[in-house]
file run_4.txt (compact mmCIF, C-alpha atoms)
# COMPACT_ATOMS: atom_id res chain seq x y z
CA MET A 228 -26.13 25.40 -5.28
CA VAL A 229 -27.32 25.76 -1.67
CA LEU A 230 -30.61 27.65 -1.29
CA PRO A 231 -33.08 28.38 1.54
CA LYS A 232 -35.41 25.42 2.13
CA ARG A 233 -39.14 25.75 1.57
CA GLN A 234 -41.79 23.84 3.51
CA ILE A 235 -42.31 21.46 0.60
CA VAL A 236 -38.85 19.96 1.18
CA PRO A 237 -38.99 17.18 3.83
CA GLU A 238 -36.73 17.51 6.88
CA ILE A 239 -35.12 14.13 6.16
CA VAL A 240 -33.69 15.55 2.93
CA THR A 241 -31.80 18.35 4.68
CA ALA A 242 -30.77 16.65 7.96
CA GLY A 243 -32.60 19.38 9.86
CA LEU A 244 -30.85 22.28 8.13
CA ASP A 245 -32.79 25.29 6.86
CA THR A 246 -31.11 25.03 3.44
CA VAL A 247 -31.20 22.52 0.59
CA ALA A 248 -28.65 21.82 -2.16
CA LEU A 249 -29.98 21.67 -5.72
CA ARG A 250 -28.16 20.18 -8.68
CA ILE A 251 -29.05 19.57 -12.33
CA SER A 252 -26.91 16.69 -13.57
CA ALA A 253 -25.20 17.03 -16.94
CA HIS A 254 -25.01 13.25 -17.36
CA PRO A 255 -27.40 12.11 -20.13
CA VAL A 256 -28.35 8.88 -18.33
CA PHE A 257 -29.31 10.66 -15.12
CA SER A 258 -31.14 13.34 -17.11
CA GLU A 259 -33.19 10.59 -18.75
CA ILE A 260 -33.98 9.05 -15.35
CA ILE A 261 -35.22 12.40 -14.04
CA GLN A 262 -37.29 12.96 -17.18
CA LEU A 263 -38.93 9.54 -16.90
CA PHE A 264 -39.50 9.90 -13.16
CA GLY A 265 -40.98 13.36 -13.58
CA LYS A 266 -40.10 14.57 -10.10
CA PRO A 267 -37.03 15.73 -8.15
CA LEU A 268 -34.87 13.06 -6.51
CA ALA A 269 -33.16 13.26 -3.14
CA ALA A 270 -29.90 11.31 -3.39
CA PRO A 271 -27.02 10.83 -0.94
CA SER A 272 -23.54 9.80 -2.02
CA ALA A 273 -23.08 6.15 -3.00
CA ASN A 274 -20.57 5.39 -0.25
CA ARG A 275 -20.58 4.93 3.50
CA PHE A 276 -20.29 8.11 5.53
CA GLY A 277 -16.80 9.58 5.60
CA ARG A 278 -15.26 6.96 3.32
CA VAL A 279 -13.60 7.16 -0.10
CA SER A 280 -16.02 8.27 -2.81
CA PRO A 281 -16.87 5.84 -5.64
CA THR A 282 -16.06 6.62 -9.27
CA THR A 283 -17.34 3.39 -10.87
CA ALA A 284 -20.34 1.11 -10.41
CA GLN A 285 -17.97 -1.57 -9.12
CA HIS A 286 -16.86 0.76 -6.32
CA VAL A 287 -20.50 1.19 -5.29
CA LEU A 288 -21.04 -2.57 -5.37
CA ASP A 289 -17.90 -3.17 -3.28
CA GLU A 290 -19.11 -0.77 -0.62
CA LEU A 291 -22.88 -1.20 -0.61
CA ASP A 292 -23.48 -4.75 -1.83
CA ALA A 293 -26.64 -6.20 -0.22
CA ARG A 294 -27.50 -2.76 1.18
CA ILE A 295 -29.13 -1.35 -1.98
CA PRO A 296 -31.39 -3.11 -4.52
CA LEU A 297 -30.12 -1.62 -7.79
CA ILE A 298 -27.05 -0.01 -9.38
CA ILE A 299 -27.29 1.79 -12.73
CA ASP A 300 -23.92 1.59 -14.47
CA ALA A 301 -23.44 4.57 -16.82
CA GLY A 302 -19.65 4.27 -16.89
CA PRO A 303 -16.92 5.84 -14.74
CA THR A 304 -17.35 9.41 -13.51
CA GLU A 305 -15.96 12.07 -15.81
CA HIS A 306 -14.39 14.35 -13.22
CA GLY A 307 -13.46 11.83 -10.52
CA ILE A 308 -14.18 14.12 -7.58
CA GLU A 309 -17.45 15.39 -6.16
CA SER A 310 -19.21 18.48 -7.47
CA THR A 311 -18.47 22.04 -6.44
CA ILE A 312 -20.97 23.30 -3.86
CA ILE A 313 -21.66 27.03 -3.66
CA SER A 314 -23.90 29.47 -1.87
CA VAL A 315 -24.74 32.88 -3.33
CA ARG A 316 -24.68 35.56 -0.64
CA GLY A 317 -25.36 39.12 -1.76
CA ASN A 318 -22.83 39.96 -4.45
CA SER A 319 -20.44 37.12 -3.66
CA ILE A 320 -20.19 33.37 -4.21
CA GLU A 321 -19.14 31.29 -1.22
CA ILE A 322 -17.51 27.98 -2.11
CA LEU A 323 -18.60 25.41 0.47
CA ARG A 324 -16.85 22.51 -1.24
CA CYS A 325 -14.21 22.77 -3.97
CA GLY A 326 -14.83 20.69 -7.06
CA PRO A 327 -14.50 20.51 -10.86
CA VAL A 328 -15.88 24.04 -11.30
CA THR A 329 -12.96 26.03 -9.90
CA ALA A 330 -12.78 29.31 -8.00
CA GLU A 331 -11.04 30.87 -11.00
CA GLN A 332 -13.98 29.97 -13.25
CA LEU A 333 -16.57 31.23 -10.78
CA SER A 334 -14.69 34.51 -10.27
CA GLU A 335 -15.92 35.62 -13.69
CA PHE A 336 -19.41 36.03 -12.20
CA ALA A 337 -18.87 37.42 -8.69
CA LYS A 338 -16.42 37.91 -5.86
CA ILE A 339 -15.32 34.56 -4.44
CA LYS A 340 -15.27 33.64 -0.78
CA LEU A 341 -13.97 30.30 0.51
CA ALA A 342 -15.79 28.74 3.45
CA ALA A 343 -13.74 28.50 6.62
CA SER A 344 -11.91 25.19 7.00
CA PRO A 345 -12.74 23.35 9.11
CA ALA A 346 -16.25 24.74 8.94
CA ARG A 347 -17.69 25.82 12.27
CA LYS A 348 -21.16 25.00 11.04
CA ILE A 349 -21.63 22.10 8.62
CA SER A 350 -23.76 23.37 5.75
CA ALA A 351 -22.67 21.06 2.92
CA PRO A 352 -21.24 17.57 2.40
CA GLY A 353 -17.49 17.19 2.76
CA GLN A 354 -16.98 19.93 5.34
CA LEU A 355 -16.02 17.67 8.25
CA PRO A 356 -12.32 17.80 9.22
CA SER A 357 -12.04 14.07 8.48
CA HIS A 358 -13.71 12.86 5.30
CA TYR A 359 -13.06 10.81 2.14
CA ALA A 360 -10.74 8.67 4.25
CA PRO A 361 -9.31 5.27 3.28
CA ARG A 362 -9.01 2.58 5.94
CA THR A 363 -5.22 2.72 5.56
CA ARG A 364 -3.55 5.66 7.30
CA LEU A 365 -2.75 8.45 4.84
CA ARG A 366 0.06 10.99 5.08
CA VAL A 367 0.54 14.00 2.77
CA VAL A 368 4.11 15.06 1.88
CA GLU A 369 5.57 17.72 -0.37
CA ASN A 370 7.76 15.30 -2.30
CA ALA A 371 8.29 11.57 -1.80
CA GLU A 372 12.02 11.89 -2.56
CA SER A 373 12.60 13.24 0.95
CA PHE A 374 10.34 10.69 2.64
CA SER A 375 11.84 7.77 4.55
CA PRO A 376 9.39 4.89 5.13
CA PRO A 377 9.22 3.63 8.73
CA LYS A 378 11.23 0.47 9.27
CA ASN A 379 9.44 -2.80 8.46
CA GLN A 380 6.36 -1.01 7.15
CA ARG A 381 4.72 -1.57 3.78
CA VAL A 382 4.14 1.86 2.25
CA GLY A 383 2.31 2.83 -0.94
CA LEU A 384 2.71 6.07 -2.88
CA LEU A 385 0.05 8.23 -4.51
CA ALA A 386 2.39 10.25 -6.70
CA TRP A 387 2.11 13.61 -8.42
CA TYR A 388 5.69 13.80 -9.69
CA PRO A 389 6.87 11.38 -12.41
CA VAL A 390 7.83 7.90 -11.26
CA SER A 391 9.97 5.50 -13.28
CA ALA A 392 8.28 2.39 -14.65
CA LYS A 393 8.94 -0.72 -12.57
CA GLU A 394 11.12 -2.37 -15.20
CA ASP A 395 13.33 0.73 -15.41
CA LEU A 396 13.82 1.32 -11.67
CA GLN A 397 17.32 -0.06 -11.41
CA THR A 398 18.43 1.84 -14.53
CA ALA A 399 16.88 5.08 -13.27
CA GLN A 400 18.52 4.65 -9.89
CA ARG A 401 21.97 4.21 -11.43
CA ARG A 402 21.49 7.13 -13.82
CA THR A 403 20.03 9.69 -11.43
CA GLY A 404 20.65 8.32 -7.98
CA ASP A 405 16.92 8.68 -7.37
CA GLY A 406 15.71 5.57 -5.60
CA ARG A 407 12.38 7.13 -4.65
CA SER A 408 10.25 4.44 -6.27
CA LEU A 409 12.20 1.66 -4.57
CA LYS A 410 10.91 2.81 -1.18
CA PHE A 411 7.34 1.83 -1.94
CA VAL A 412 5.68 -1.53 -2.46
CA ALA A 413 3.01 0.04 -4.69
CA VAL A 414 2.87 3.28 -6.68
CA ARG A 415 -0.01 5.02 -8.43
CA ASN A 416 0.81 8.13 -10.46
CA LEU A 417 -2.12 10.56 -10.59
CA SER A 418 -1.06 11.89 -13.99
CA THR A 419 2.02 11.04 -16.03
CA HIS A 420 1.73 14.46 -17.69
CA GLN A 421 0.96 16.28 -14.42
CA ASP A 422 -2.46 17.27 -15.70
CA LEU A 423 -4.80 18.25 -12.86
CA ARG A 424 -7.94 17.15 -14.71
CA GLU A 425 -6.47 13.69 -15.21
CA ALA A 426 -5.26 13.64 -11.61
CA ALA A 427 -8.74 14.43 -10.31
CA ALA A 428 -10.28 11.72 -12.49
CA ASN A 429 -7.80 9.16 -11.12
CA PHE A 430 -7.68 10.32 -7.50
CA PHE A 431 -10.32 8.23 -5.73
CA ARG A 432 -9.80 5.18 -7.97
CA TYR A 433 -6.09 5.04 -7.17
CA LEU A 434 -6.72 5.73 -3.49
CA ARG A 435 -9.08 2.74 -3.41
CA GLU A 436 -6.56 0.55 -5.24
CA LEU A 437 -3.87 1.34 -2.67
CA ASP A 438 -6.30 0.94 0.22
CA VAL A 439 -7.04 -2.73 -0.53
CA LEU A 440 -3.38 -3.81 -0.62
CA GLY A 441 -3.00 -4.26 3.14
CA LEU A 442 -0.46 -1.44 3.46
CA ASP A 443 0.67 0.10 6.72
CA LEU A 444 0.71 3.61 5.25
CA ILE A 445 -0.21 5.51 2.08
CA VAL A 446 1.95 8.52 1.25
CA ALA A 447 0.46 11.15 -1.09
CA GLU A 448 2.42 13.94 -2.74
CA ARG A 449 0.88 17.40 -2.53
CA VAL A 450 -0.41 18.71 -5.86
CA PRO A 451 -0.30 22.38 -6.96
CA SER A 452 -2.98 24.46 -5.24
CA GLN A 453 -4.23 26.42 -8.25
CA GLY A 454 -7.33 25.53 -10.24
CA LEU A 455 -8.57 21.99 -9.78
CA GLY A 456 -5.57 21.29 -7.55
CA ALA A 457 -7.37 23.09 -4.70
CA ALA A 458 -10.17 20.49 -4.79
CA ILE A 459 -7.71 17.58 -4.84
CA LEU A 460 -5.77 19.06 -1.93
CA ASP A 461 -8.99 19.52 0.03
CA ARG A 462 -9.72 15.79 -0.32
CA LEU A 463 -6.15 14.84 0.57
CA GLU A 464 -6.11 16.95 3.72
CA ARG A 465 -9.45 15.61 4.95
CA ALA A 466 -8.51 12.02 4.08
CA SER A 467 -5.30 12.35 6.11
CA HIS A 468 -6.91 14.01 9.13
CA ASP A 469 -6.47 11.93 12.32
call {"tool": "encode", "arguments": {"input": "run_4.txt", "output": "structure tokens"}}
result
Amino acid sequence: MVLPKRQIVPEIVTAGLDTVALRISAHPVFSEIIQLFGKPLAAPSANRFGRVSPTTAQHVLDELDARIPLIIDAGPTEHGIESTIISVRGNSIEILRCGPVTAEQLSEFAKIKLAASPARKISAPGQLPSHYAPRTRLRVVENAESFSPPKNQRVGLLAWYPVSAKEDLQTAQRRTGDGRSLKFVAVRNLSTHQDLREAAANFFRYLRELDVLGLDLIVAERVPSQGLGAAILDRLERASHD
């Protein structure tokens, strides 16, 4: 939750803004750290600015090895994407960054307003037009069936719709005429059951896995926009922004 900053909060914590974001972590390990430390902690994301967010301790090590002295490994993240950031203004809740707590859930408490995108004034992490971006160029499509890979390019697929297992590709192609999977040198399916919670948990991990394969392009299928899908789409659109 973003709140007005008091004098006690150092300027370095808020990057010169007159607001500060407060969060109480639900993770038992982090709660224990806070309890033992006895004071608030100011903590940036464990990735380089603008890059793909980490979801495991290994991701943090891959990105920040030799730059930080210690990593506490409490297991992979539960939700996979960053937290929802909100600001309470009068009788409404403004969502500054979509996350695991959805607009539908928050609407039970107040009228919901979505921050303009791209934000004219950056007031929370993840509001830049380009963010969460892999090194490999990313393109968002409605459905990979209608996508034709550029000639002589190695293309990976971040899929939302079901994809046949590798050993069944030839059979599936003969049965349905759908050679979609044969277009791509690597495929990661966000959720075999098309579950948005599972898709969110897998999103950054699969994006990282595709990003290290030396591909020319990553193609990502658009997920439904309701519920948690809005947060996944937000990351996709910013990751694909040129």
call {"tool": "closest_residue", "arguments": {"input": "run_4.txt", "among": "A:Leu463, A:Leu440, A:Ala426, A:Ile445", "to": "Trp387 (chain A)", "atoms": "all atoms listed in the file"}}
result
A:Ala426
call {"tool": "residues_around", "arguments": {"input": "run_4.txt", "residues": "Arg324 (chain A)", "least_positions_apart": "2", "cutoff": "6 Å", "atoms": "only C-alpha atoms", "output": "ChimeraX atom specification"}}
result
/A:311-312,322
call {"tool": "atom_distance", "arguments": {"input": "run_4.txt", "atom1": "CA of Pro389 (chain A)", "atom2": "CA of Val450 (chain A)"}}
result
12.2 Å
call {"tool": "residues_around", "arguments": {"input": "run_4.txt", "residues": "Asn416 (chain A)", "least_positions_apart": "6", "cutoff": "9 Å", "atoms": "only C-alpha atoms", "output": "list in words"}}
result
Leu384, Leu385, Ala386, Trp387, Tyr388, Pro389, Val390, Ala426, Asn429 and Tyr433 of chain A
call {"tool": "write_last_selection", "arguments": {"input": "run_4.txt", "atoms": "C-alpha atoms", "output": "compact mmCIF listing (two decimals), in the coordinates of the input"}}
result
# COMPACT_ATOMS: atom_id res chain seq x y z
CA LEU A 384 2.71 6.07 -2.88
CA LEU A 385 0.05 8.23 -4.51
CA ALA A 386 2.39 10.25 -6.70
CA TRP A 387 2.11 13.61 -8.42
CA TYR A 388 5.69 13.80 -9.69
CA PRO A 389 6.87 11.38 -12.41
CA VAL A 390 7.83 7.90 -11.26
CA ALA A 426 -5.26 13.64 -11.61
CA ASN A 429 -7.80 9.16 -11.12
CA TYR A 433 -6.09 5.04 -7.17
call {"tool": "atom_distance", "arguments": {"input": "run_4.txt", "atom1": "CA of Val368 (chain A)", "atom2": "CA of Arg449 (chain A)"}}
result
5.9 Å
call {"tool": "residues_around", "arguments": {"input": "run_4.txt", "residues": "Gly307 (chain A)", "least_positions_apart": "6", "cutoff": "12 Å", "atoms": "all atoms listed in the file", "output": "JSON, numbers by chain"}}
result
{"A": [279, 280, 281, 282, 283, 326, 327, 417, 423, 424, 425, 426, 427, 428, 429, 430, 431, 432, 433, 434, 455, 458, 459, 462]}
call {"tool": "atom_distance", "arguments": {"input": "run_4.txt", "atom1": "CA of Leu437 (chain A)", "atom2": "CA of Ala293 (chain A)"}}
result
24.1 Å
call {"tool": "residues_around", "arguments": {"input": "run_4.txt", "residues": "Leu268 (chain A)", "least_positions_apart": "6", "cutoff": "10 Å", "atoms": "only C-alpha atoms", "output": "PDB file with C-alpha atoms, in the coordinates of the input"}}
result
ATOM      1  CA  VAL A 240     -33.690  15.550   2.930  1.00  0.00           C
ATOM      2  CA  LEU A 249     -29.980  21.670  -5.720  1.00  0.00           C
ATOM      3  CA  ILE A 260     -33.980   9.050 -15.350  1.00  0.00           C
ATOM      4  CA  ILE A 261     -35.220  12.400 -14.040  1.00  0.00           C
TER       5      ILE A 261
END
call {"tool": "closest_residue", "arguments": {"input": "run_4.txt", "among": "A:Ala248, A:Leu442, A:Ala273, A:Ala242", "to": "Gln285 (chain A)", "atoms": "all atoms listed in the file"}}
result
A:Ala273
call {"tool": "residues_around", "arguments": {"input": "run_4.txt", "residues": "Ala330 (chain A)", "least_positions_apart": "2", "cutoff": "10 Å", "atoms": "all atoms listed in the file", "output": "list in words"}}
result
Thr311, Ile320, Glu321, Ile322, Cys325, Gly326, Pro327, Val328, Gln332, Leu333, Ser334, Glu335, Lys338, Ile339, Lys340, Leu341, Gln453, Gly454, Leu455, Ala457 and Ala458 of chain A
call {"tool": "write_last_selection", "arguments": {"input": "run_4.txt", "atoms": "C-alpha atoms", "output": "PDB file, keeping the file's coordinate frame"}}
result
ATOM      1  CA  THR A 311     -18.470  22.040  -6.440  1.00  0.00           C
ATOM      2  CA  ILE A 320     -20.190  33.370  -4.210  1.00  0.00           C
ATOM      3  CA  GLU A 321     -19.140  31.290  -1.220  1.00  0.00           C
ATOM      4  CA  ILE A 322     -17.510  27.980  -2.110  1.00  0.00           C
ATOM      5  CA  CYS A 325     -14.210  22.770  -3.970  1.00  0.00           C
ATOM      6  CA  GLY A 326     -14.830  20.690  -7.060  1.00  0.00           C
ATOM      7  CA  PRO A 327     -14.500  20.510 -10.860  1.00  0.00           C
ATOM      8  CA  VAL A 328     -15.880  24.040 -11.300  1.00  0.00           C
ATOM      9  CA  GLN A 332     -13.980  29.970 -13.250  1.00  0.00           C
ATOM     10  CA  LEU A 333     -16.570  31.230 -10.780  1.00  0.00           C
ATOM     11  CA  SER A 334     -14.690  34.510 -10.270  1.00  0.00           C
ATOM     12  CA  GLU A 335     -15.920  35.620 -13.690  1.00  0.00           C
ATOM     13  CA  LYS A 338     -16.420  37.910  -5.860  1.00  0.00           C
ATOM     14  CA  ILE A 339     -15.320  34.560  -4.440  1.00  0.00           C
ATOM     15  CA  LYS A 340     -15.270  33.640  -0.780  1.00  0.00           C
ATOM     16  CA  LEU A 341     -13.970  30.300   0.510  1.00  0.00           C
ATOM     17  CA  GLN A 453      -4.230  26.420  -8.250  1.00  0.00           C
ATOM     18  CA  GLY A 454      -7.330  25.530 -10.240  1.00  0.00           C
ATOM     19  CA  LEU A 455      -8.570  21.990  -9.780  1.00  0.00           C
ATOM     20  CA  ALA A 457      -7.370  23.090  -4.700  1.00  0.00           C
ATOM     21  CA  ALA A 458     -10.170  20.490  -4.790  1.00  0.00           C
TER      22      ALA A 458
END
call {"tool": "closest_residue", "arguments": {"input": "run_4.txt", "among": "A:Ser452, A:Gln380, A:Ser467, A:Ser418", "to": "Glu331 (chain A)", "atoms": "all atoms listed in the file"}}
result
A:Ser452
call {"tool": "closest_residue", "arguments": {"input": "run_4.txt", "among": "A:Ile298, A:Val414, A:Leu460, A:Ile313", "to": "Val446 (chain A)", "atoms": "all atoms listed in the file"}}
result
A:Val414
